[in-house]
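Q: Okay, here's the structure, questions in a sec.
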Amino acid sequence: MDAAIIPPGPLVALDYLGIAVFAISGALVAAEKKQTLVTFIFFAVITGVGGGTLRDLMIGAPVFWVNHNMTLLVCVACALLVWIFSKARLAERAILWFDAIGLAAYSVYGAAKALRYDVAPVPALAMGVMTACVGGIIRDVLAGEPSILMRPELYVTAAALASALYVTLVMFGAPPLLAALVAGLLGFSLRAAAIVRGLSLPSYKG
Amino acid sequence: MDAAIIPPGPLVALDYLGIAVFAISGALVAAEKKQTLVTFIFFAVITGVGGGTLRDLMIGAPVFWVNHNMTLLVCVACALLVWIFSKARLAERAILWFDAIGLAAYSVYGAAKALRYDVAPVPALAMGVMTACVGGIIRDVLAGEPSILMRPELYVTAAALASALYVTLVMFGAPPLLAALVAGLLGFSLRAAAIVRGLSLPSYKG
Amino acid sequence: MDAAIIPPGPLVALDYLGIAVFAISGALVAAEKKQTLVTFIFFAVITGVGGGTLRDLMIGAPVFWVNHNMTLLVCVACALLVWIFSKARLAERAILWFDAIGLAAYSVYGAAKALRYDVAPVPALAMGVMTACVGGIIRDVLAGEPSILMRPELYVTAAALASALYVTLVMFGAPPLLAALVAGLLGFSLRAAAIVRGLSLPSYKG
């Protein structure tokens, strides 16, 4: 793999955090639906890597999990963890918060990777949102659940905030790591406010 | 971007027409479902660029909206227009007709772009149909609506007619612009007949 | 097309077998839903080429059906066959068995193609599963059917067995053709056991 494709340390950490968190959320949907271990793994993989895969295809990057084994193994491990430990049900509230961290991390990471591939600013913003949200959307479609897209809760919006902030800050010359921290924190805060206070967007009144 | 990738004037016009019309149809589905502005934008983008994105991935072209900002901004503007003006509800019949224009335009444009990338005739035909229909199919799946695919109405058929006609005419040596006009007009006419007279295909009788 | 991309004889046969079998299963779903001939064709194409298309996009190979006409024509022919002959309903049991052959053939073929593109072992295994299962998953989502993914029956598991076995045998130095035979036969046998004896995986007991 080209060294330029691999982001420096902090971004790699964001990436694995996002993968693990989303893989767990995929496996939890399989658990809710009383599925088999194979379906747990399938949902963990598709939710963990779905958004980033689409992003890589669109920006013309090699798909990030194809040239090594680790990414898929992390997803499989997350599926096994949920299969073994989820019975305790301690996870429900926790997963909402992990998902919020993953959402912020992935939005920033997706936008950063797109900019490194010379994607224009507006599509780079879209790549951040896509990286963070598409895995969960595919998960919901396959599980026959109403998609997160269709709920007024601030979810896609928090991803868009983190992604837009990162792109804007970098365009104004901020150091990428600082931009990532600020954008990630604010995106996470908006999602946290949505979880704690049920903050939501106004719906269309026709 | 490579100049060879950008089609000449009339095809660019077809392209933006298709994007705007499909983006509006995506936002209208969000309006029907009483969604938020963020979902309006998401549906406008996915319906506007979904088919063309898949086409570009398959023919090995750079994805058309990644290297500039304009395409996504057009989709966002369409979402805003629907959010602001749709209350008047004047649009319902109009949108059916705009969609018919977009269907014909996109079928021809998709087939033409595929031929320019040396795709074989039958897959080029499929690329035209895909460019015209896949955005709407994804829109319907995400909205939990029965897909246009499952209705007997002439819709995919009109796209296939426009696309097949364009490919055939060009293979017999017709000038591309003339072929585009003839194919687009006939595809549009078939769709118009379906709208006005409820023309439909016979269903399978098992 | 690059000669290195085209697999030797037996793999080409596996490929066309997989395409035809899955195309027929797609058309049969359209028949069950009393659809039109156009929808028959659409479902035949999407089920026949869906998994392999996604695989090719992810491993960076040219999409396999884009540079010649034959693949799509095979799908169209299968759709026509089902449209004309399915009334006799002799096919229902037969198709389950054809599908089992296609599942085994496609898992091996997908993993083999991925290895030829220097994909790492674990993702190569995933490519085999994806090639065999994604077409059917898209078919079910579009038809509004509960996906094969959500049933406890051994289906994805049989694909994973065939794919994993092929990758493992080849890594231990087995001749590819022998590895393909052994892996395909065992994958098919597991699926056959699931059909005959209703073998299934235990579901999650929360």
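As shown in the structure tokens, the chain order sets the letters A, B, ...; within each chain, residues go from 1, and ligands are also counted from 1 in the order they appear.
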Excluding same-chain residues fewer than 5 positions from stretch 151-154 of chain B, what lies within 6 Å of it counting only C-alpha atoms, as an MDAnalysis selection string?

A: chainID B and resid 194 200:201

Q: Hey, list the chain A side of the contact with chain B: 8 Å cut-off, only C-alpha atoms, answer as a list in words.

A: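 Output check: Leu57, Met58, Ile59, Gly60, Asp118, Val119, Ala120, Pro121, Val122, Pro123, Ala124, Val141, Pro146, Ser147, Leu149, Met150, Arg151, Pro152, Val156, Thr157, Leu201, Pro202, Ser203, Tyr204, Lys205 and Gly206 of chain A.
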
Q: Could you write those residues out with N, CA and C atoms, as a PDB file, in the first residue's frame?

A:
ATOM      1  N   LEU A  57     -14.425   3.865  -3.035  1.00  0.00           N
ATOM      2  CA  LEU A  57     -14.778   3.656  -4.442  1.00  0.00           C
ATOM      3  C   LEU A  57     -14.966   4.996  -5.144  1.00  0.00           C
ATOM      4  N   MET A  58     -15.614   5.939  -4.470  1.00  0.00           N
ATOM      5  CA  MET A  58     -15.942   7.202  -5.138  1.00  0.00           C
ATOM      6  C   MET A  58     -14.754   8.126  -5.308  1.00  0.00           C
ATOM      7  N   ILE A  59     -13.820   8.103  -4.350  1.00  0.00           N
ATOM      8  CA  ILE A  59     -12.662   8.981  -4.501  1.00  0.00           C
ATOM      9  C   ILE A  59     -11.529   8.291  -5.252  1.00  0.00           C
ATOM     10  N   GLY A  60     -11.757   7.047  -5.673  1.00  0.00           N
ATOM     11  CA  GLY A  60     -10.728   6.365  -6.450  1.00  0.00           C
ATOM     12  C   GLY A  60      -9.575   5.840  -5.617  1.00  0.00           C
ATOM     13  N   ASP A 118      -7.575  14.945  -3.095  1.00  0.00           N
ATOM     14  CA  ASP A 118      -7.870  16.101  -3.942  1.00  0.00           C
ATOM     15  C   ASP A 118      -9.324  16.188  -4.355  1.00  0.00           C
ATOM     16  N   VAL A 119     -10.212  15.673  -3.511  1.00  0.00           N
ATOM     17  CA  VAL A 119     -11.635  15.845  -3.758  1.00  0.00           C
ATOM     18  C   VAL A 119     -11.998  17.294  -3.452  1.00  0.00           C
ATOM     19  N   ALA A 120     -12.930  17.885  -4.214  1.00  0.00           N
ATOM     20  CA  ALA A 120     -13.353  19.276  -3.983  1.00  0.00           C
ATOM     21  C   ALA A 120     -14.064  19.382  -2.626  1.00  0.00           C
ATOM     22  N   PRO A 121     -14.111  20.593  -2.043  1.00  0.00           N
ATOM     23  CA  PRO A 121     -14.615  20.730  -0.665  1.00  0.00           C
ATOM     24  C   PRO A 121     -16.027  20.186  -0.424  1.00  0.00           C
ATOM     25  N   VAL A 122     -16.985  20.529  -1.281  1.00  0.00           N
ATOM     26  CA  VAL A 122     -18.355  20.068  -1.013  1.00  0.00           C
ATOM     27  C   VAL A 122     -18.470  18.543  -1.096  1.00  0.00           C
ATOM     28  N   PRO A 123     -17.953  17.901  -2.151  1.00  0.00           N
ATOM     29  CA  PRO A 123     -17.964  16.434  -2.126  1.00  0.00           C
ATOM     30  C   PRO A 123     -17.156  15.850  -0.961  1.00  0.00           C
ATOM     31  N   ALA A 124     -16.092  16.532  -0.527  1.00  0.00           N
ATOM     32  CA  ALA A 124     -15.320  16.010   0.619  1.00  0.00           C
ATOM     33  C   ALA A 124     -16.198  15.988   1.867  1.00  0.00           C
ATOM     34  N   VAL A 141     -31.519  -1.087   6.283  1.00  0.00           N
ATOM     35  CA  VAL A 141     -32.265  -1.590   5.118  1.00  0.00           C
ATOM     36  C   VAL A 141     -32.290  -3.120   5.140  1.00  0.00           C
ATOM     37  N   PRO A 146     -36.782   0.884  10.012  1.00  0.00           N
ATOM     38  CA  PRO A 146     -36.808   2.240   9.469  1.00  0.00           C
ATOM     39  C   PRO A 146     -35.431   2.869   9.662  1.00  0.00           C
ATOM     40  N   SER A 147     -34.922   3.465   8.601  1.00  0.00           N
ATOM     41  CA  SER A 147     -33.554   3.972   8.611  1.00  0.00           C
ATOM     42  C   SER A 147     -33.415   5.182   9.531  1.00  0.00           C
ATOM     43  N   LEU A 149     -32.047   7.671   8.786  1.00  0.00           N
ATOM     44  CA  LEU A 149     -32.339   8.794   7.884  1.00  0.00           C
ATOM     45  C   LEU A 149     -33.726   9.375   8.099  1.00  0.00           C
ATOM     46  N   MET A 150     -34.692   8.491   8.420  1.00  0.00           N
ATOM     47  CA  MET A 150     -36.089   8.911   8.450  1.00  0.00           C
ATOM     48  C   MET A 150     -36.514   9.425   9.826  1.00  0.00           C
ATOM     49  N   ARG A 151     -35.579   9.477  10.795  1.00  0.00           N
ATOM     50  CA  ARG A 151     -35.943   9.991  12.118  1.00  0.00           C
ATOM     51  C   ARG A 151     -35.482  11.440  12.260  1.00  0.00           C
ATOM     52  N   PRO A 152     -36.273  12.270  12.945  1.00  0.00           N
ATOM     53  CA  PRO A 152     -35.934  13.698  13.020  1.00  0.00           C
ATOM     54  C   PRO A 152     -34.741  13.974  13.930  1.00  0.00           C
ATOM     55  N   VAL A 156     -27.535  12.476  11.171  1.00  0.00           N
ATOM     56  CA  VAL A 156     -26.831  12.889   9.954  1.00  0.00           C
ATOM     57  C   VAL A 156     -26.317  14.321  10.122  1.00  0.00           C
ATOM     58  N   THR A 157     -27.113  15.152  10.806  1.00  0.00           N
ATOM     59  CA  THR A 157     -26.729  16.544  11.017  1.00  0.00           C
ATOM     60  C   THR A 157     -25.424  16.674  11.804  1.00  0.00           C
ATOM     61  N   LEU A 201     -34.520  18.023  14.669  1.00  0.00           N
ATOM     62  CA  LEU A 201     -34.814  19.040  13.665  1.00  0.00           C
ATOM     63  C   LEU A 201     -36.318  19.134  13.447  1.00  0.00           C
ATOM     64  N   PRO A 202     -36.797  20.324  13.038  1.00  0.00           N
ATOM     65  CA  PRO A 202     -38.220  20.445  12.709  1.00  0.00           C
ATOM     66  C   PRO A 202     -38.546  19.628  11.463  1.00  0.00           C
ATOM     67  N   SER A 203     -39.683  18.956  11.476  1.00  0.00           N
ATOM     68  CA  SER A 203     -40.105  18.186  10.310  1.00  0.00           C
ATOM     69  C   SER A 203     -40.920  19.060   9.360  1.00  0.00           C
ATOM     70  N   TYR A 204     -40.992  18.605   8.147  1.00  0.00           N
ATOM     71  CA  TYR A 204     -41.718  19.327   7.107  1.00  0.00           C
ATOM     72  C   TYR A 204     -43.210  19.316   7.395  1.00  0.00           C
ATOM     73  N   LYS A 205     -43.841  20.500   7.266  1.00  0.00           N
ATOM     74  CA  LYS A 205     -45.252  20.602   7.637  1.00  0.00           C
ATOM     75  C   LYS A 205     -46.177  20.649   6.428  1.00  0.00           C
ATOM     76  N   GLY A 206     -45.634  20.289   5.253  1.00  0.00           N
ATOM     77  CA  GLY A 206     -46.463  20.227   4.027  1.00  0.00           C
ATOM     78  C   GLY A 206     -47.285  21.454   3.791  1.00  0.00           C
TER      79      GLY A 206
END

Q: So what do you get for atom CA of A:Val76 versus atom CA of C:Leu169, distance-wise?

A: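 Going from atom CA of A:Val76 over to atom CA of C:Leu169, I get 21.6 Å.
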
Q: Can you pull out the residues contacting B:Val49? Cut-off 8 Å, using only C-alpha atoms, and skip same-chain residues under 2 positions away; I want them as a list in words.

A: Ile19, Ala23, Val45, Ile46, Thr47, Gly51, Gly52, Thr53, Trp65 and Gly135 of chain B

Q: Using C-alpha atoms, can you export the residues from the last selection as an mmCIF file, in the first residue's frame?

A:
data_model
loop_
_atom_site.group_PDB
_atom_site.id
_atom_site.type_symbol
_atom_site.label_atom_id
_atom_site.label_comp_id
_atom_site.auth_asym_id
_atom_site.auth_seq_id
_atom_site.Cartn_x
_atom_site.Cartn_y
_atom_site.Cartn_z
ATOM 1 C CA ILE B 19 -29.629 15.851 -11.833
ATOM 2 C CA ALA B 23 -32.979 15.732 -6.998
ATOM 3 C CA VAL B 45 -28.396 14.063 -3.452
ATOM 4 C CA ILE B 46 -28.890 10.299 -3.533
ATOM 5 C CA THR B 47 -31.655 10.449 -6.136
ATOM 6 C CA GLY B 51 -27.512 6.264 -10.960
ATOM 7 C CA GLY B 52 -24.667 8.195 -12.525
ATOM 8 C CA THR B 53 -22.358 7.282 -9.662
ATOM 9 C CA TRP B 65 -19.478 14.876 -8.937
ATOM 10 C CA GLY B 135 -31.272 6.893 -8.173
#

Q: Can you tell me which residues surround B:Leu161 at a distance of at most 12 Å, considering only C-alpha atoms, apart from same-chain residues fewer than 4 positions away, and format the answer as a VMD selection string?

A: (chain B and resid 103 to 105 107 to 108 111 125 to 126 128 to 129 132 154 to 157 165 to 169 180 182 to 191) or (chain C and resid 38)

Q: To one decimal place, how far is atom CA of A:Gly136 from atom CA of B:Leu81 in Å?

A: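 Taking atom CA of A:Gly136 and atom CA of B:Leu81, their separation equals 28.2 Å.
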